[in-house]
Amino acid sequence: MRKAKPKKRHILPDPVFGDVKVTKFVNHMMYDGKKNLSFEIFYKALEGVKGKLPNEEKTPLEIWKTALENITPQVEVKTRRIGGANFQVPVEVRPERKESISMKNLINFARKRGGRSMADKLTAEIVDAYNQQGGAFKRKEDMHRMAEANRAFAHFRR
C-alpha cells in the first residue's frame, strides 16, 4: 500500500446499554445523519423482541447478539484472476468485516420485509436470525455453500 493506514475511529458506547456494538449497528442503520431516529427504531425493535420471545431467559440485547452471531459468515469467496481465468477463491473473513457484514445483512433483509414500521421489520428479522432462519441467515448459508463448492481453488489464496 502506498499511503499510511488510516487511523481507527473510536465509537462511543450507546446511552442505554453502554455497548459499542449497538452504536455500530445504529450507525449502519442510520440514514441522512438521523442517529436519534435510528436509536429509537433499534430500542423499539428490542422491546418487540422482548414481546415476541417472552419466555426466553436471555435479555433482548443478548438475543440480538446471538442473532448477529448466527448470521456471521466465517468464509467468503473473492474473485481472483489467474492466467486469464477468473476463480472464486474461498477466504476467511477478518473479524471487523465479519461484524460489519452481519450487521449490514440483518439491516438489509429487515428493510426488504413487507409493510409495517422499520422497528417491526427489524424485530421480525432479529427473531428469525435468533431462530436460525430468515433472509440474513440464508445469505450466510449461501456464502458458506459457495466457499465449500470452490474449496478446490483455496490454494490460490494470497
# chains A, B, ... in the order shown; residues from 1 in each chain; ligands from 1
call {"tool": "select_by_dssp", "arguments": {"residues": "stretch 45-140 of chain A", "states": "strand (DSSP E or B)", "output": "list in words"}}
result
Val75, Glu76, Val77, Lys78, Thr79, Arg80, Arg81, Ile82, Ala85, Asn86, Phe87, Gln88, Val89, Pro90, Val91 and Glu92 of chain A
call {"tool": "write_last_selection", "arguments": {"atoms": "N, CA, C and O atoms", "output": "mmCIF file, in the first residue's frame"}}
result
data_model
loop_
_atom_site.group_PDB
_atom_site.id
_atom_site.type_symbol
_atom_site.label_atom_id
_atom_site.label_comp_id
_atom_site.auth_asym_id
_atom_site.auth_seq_id
_atom_site.Cartn_x
_atom_site.Cartn_y
_atom_site.Cartn_z
ATOM 1 N N VAL A 75 -16.462 -17.679 6.238
ATOM 2 C CA VAL A 75 -15.697 -17.632 4.987
ATOM 3 C C VAL A 75 -16.522 -16.959 3.898
ATOM 4 O O VAL A 75 -17.755 -16.953 3.963
ATOM 5 N N GLU A 76 -15.827 -16.380 2.942
ATOM 6 C CA GLU A 76 -16.490 -15.794 1.774
ATOM 7 C C GLU A 76 -15.638 -16.110 0.552
ATOM 8 O O GLU A 76 -14.512 -16.588 0.690
ATOM 9 N N VAL A 77 -16.185 -15.832 -0.637
ATOM 10 C CA VAL A 77 -15.397 -16.053 -1.846
ATOM 11 C C VAL A 77 -15.004 -14.708 -2.445
ATOM 12 O O VAL A 77 -15.792 -13.778 -2.462
ATOM 13 N N LYS A 78 -13.751 -14.653 -2.894
ATOM 14 C CA LYS A 78 -13.263 -13.461 -3.580
ATOM 15 C C LYS A 78 -12.809 -13.888 -4.971
ATOM 16 O O LYS A 78 -12.225 -14.949 -5.143
ATOM 17 N N THR A 79 -13.088 -13.041 -5.953
ATOM 18 C CA THR A 79 -12.704 -13.352 -7.315
ATOM 19 C C THR A 79 -11.234 -13.001 -7.540
ATOM 20 O O THR A 79 -10.792 -11.903 -7.211
ATOM 21 N N ARG A 80 -10.478 -13.994 -8.060
ATOM 22 C CA ARG A 80 -9.067 -13.766 -8.383
ATOM 23 C C ARG A 80 -8.848 -14.136 -9.837
ATOM 24 O O ARG A 80 -9.353 -15.159 -10.305
ATOM 25 N N ARG A 81 -8.086 -13.317 -10.536
ATOM 26 C CA ARG A 81 -7.801 -13.588 -11.953
ATOM 27 C C ARG A 81 -6.428 -14.246 -12.040
ATOM 28 O O ARG A 81 -5.412 -13.644 -11.677
ATOM 29 N N ILE A 82 -6.416 -15.483 -12.520
ATOM 30 C CA ILE A 82 -5.169 -16.225 -12.631
ATOM 31 C C ILE A 82 -5.071 -16.809 -14.037
ATOM 32 O O ILE A 82 -5.926 -17.614 -14.431
ATOM 33 N N ALA A 85 -8.142 -16.670 -16.418
ATOM 34 C CA ALA A 85 -9.410 -17.229 -15.929
ATOM 35 C C ALA A 85 -9.731 -16.636 -14.568
ATOM 36 O O ALA A 85 -8.820 -16.357 -13.768
ATOM 37 N N ASN A 86 -11.009 -16.434 -14.311
ATOM 38 C CA ASN A 86 -11.430 -15.931 -13.010
ATOM 39 C C ASN A 86 -11.830 -17.095 -12.109
ATOM 40 O O ASN A 86 -12.581 -17.970 -12.519
ATOM 41 N N PHE A 87 -11.326 -17.080 -10.892
ATOM 42 C CA PHE A 87 -11.662 -18.124 -9.924
ATOM 43 C C PHE A 87 -12.302 -17.494 -8.701
ATOM 44 O O PHE A 87 -11.883 -16.421 -8.263
ATOM 45 N N GLN A 88 -13.287 -18.191 -8.161
ATOM 46 C CA GLN A 88 -13.872 -17.792 -6.882
ATOM 47 C C GLN A 88 -13.059 -18.484 -5.804
ATOM 48 O O GLN A 88 -13.163 -19.690 -5.621
ATOM 49 N N VAL A 89 -12.236 -17.716 -5.100
ATOM 50 C CA VAL A 89 -11.344 -18.300 -4.106
ATOM 51 C C VAL A 89 -11.928 -18.090 -2.706
ATOM 52 O O VAL A 89 -12.204 -16.954 -2.319
ATOM 53 N N PRO A 90 -12.129 -19.179 -1.939
ATOM 54 C CA PRO A 90 -12.639 -19.015 -0.577
ATOM 55 C C PRO A 90 -11.572 -18.417 0.337
ATOM 56 O O PRO A 90 -10.417 -18.842 0.304
ATOM 57 N N VAL A 91 -11.967 -17.414 1.118
ATOM 58 C CA VAL A 91 -11.054 -16.757 2.054
ATOM 59 C C VAL A 91 -11.760 -16.596 3.395
ATOM 60 O O VAL A 91 -12.974 -16.398 3.436
ATOM 61 N N GLU A 92 -10.977 -16.669 4.475
ATOM 62 C CA GLU A 92 -11.548 -16.405 5.789
ATOM 63 C C GLU A 92 -11.828 -14.917 5.916
ATOM 64 O O GLU A 92 -11.107 -14.092 5.368
#
call {"tool": "residues_around", "arguments": {"residues": "A:Ala136", "least_positions_apart": "3", "cutoff": "7 Å", "atoms": "only C-alpha atoms", "output": "JSON, numbers by chain"}}
result
{"A": [71, 105, 106, 109, 129, 139, 140]}
call {"tool": "residues_around", "arguments": {"residues": "A:Thr72", "least_positions_apart": "2", "cutoff": "12 Å", "atoms": "only C-alpha atoms", "output": "ChimeraX atom specification"}}
result
/A:65-70,74-76,92-106,129-130,132,136-144
call {"tool": "atom_distance", "arguments": {"atom1": "atom CA of A:Lys50", "atom2": "atom CA of A:Ile63"}}
result
9.0 Å
call {"tool": "atom_distance", "arguments": {"atom1": "atom CA of A:Gly114", "atom2": "atom CA of A:Gly135"}}
result
12.6 Å
call {"tool": "closest_residue", "arguments": {"among": "A:Asp19, A:Lys121, A:Ile107, A:Met146", "to": "A:Tyr31", "atoms": "only C-alpha atoms"}}
result
A:Ile107
call {"tool": "atom_distance", "arguments": {"atom1": "atom CA of A:Met29", "atom2": "atom CA of A:Glu125"}}
result
13.7 Å
call {"tool": "residues_around", "arguments": {"residues": "A:Ala119", "least_positions_apart": "5", "cutoff": "7 Å", "atoms": "only C-alpha atoms", "output": "number ranges by chain"}}
result
A: 41-42, 44-45
call {"tool": "select_by_dssp", "arguments": {"residues": "stretch 55-154 of chain A", "states": "helix (DSSP H, G or I)", "output": "PyMOL selection string"}}
result
chain A and resi 60-70+95-112+118-130+135-149+151-154
call {"tool": "closest_residue", "arguments": {"among": "A:Phe39, A:Met30, A:Gly83, A:Arg157", "to": "A:Pro15", "atoms": "only C-alpha atoms"}}
result
A:Phe39
call {"tool": "closest_residue", "arguments": {"among": "A:Gly84, A:Glu62, A:Glu40, A:Arg2", "to": "A:Lys21", "atoms": "only C-alpha atoms"}}
result
A:Glu62
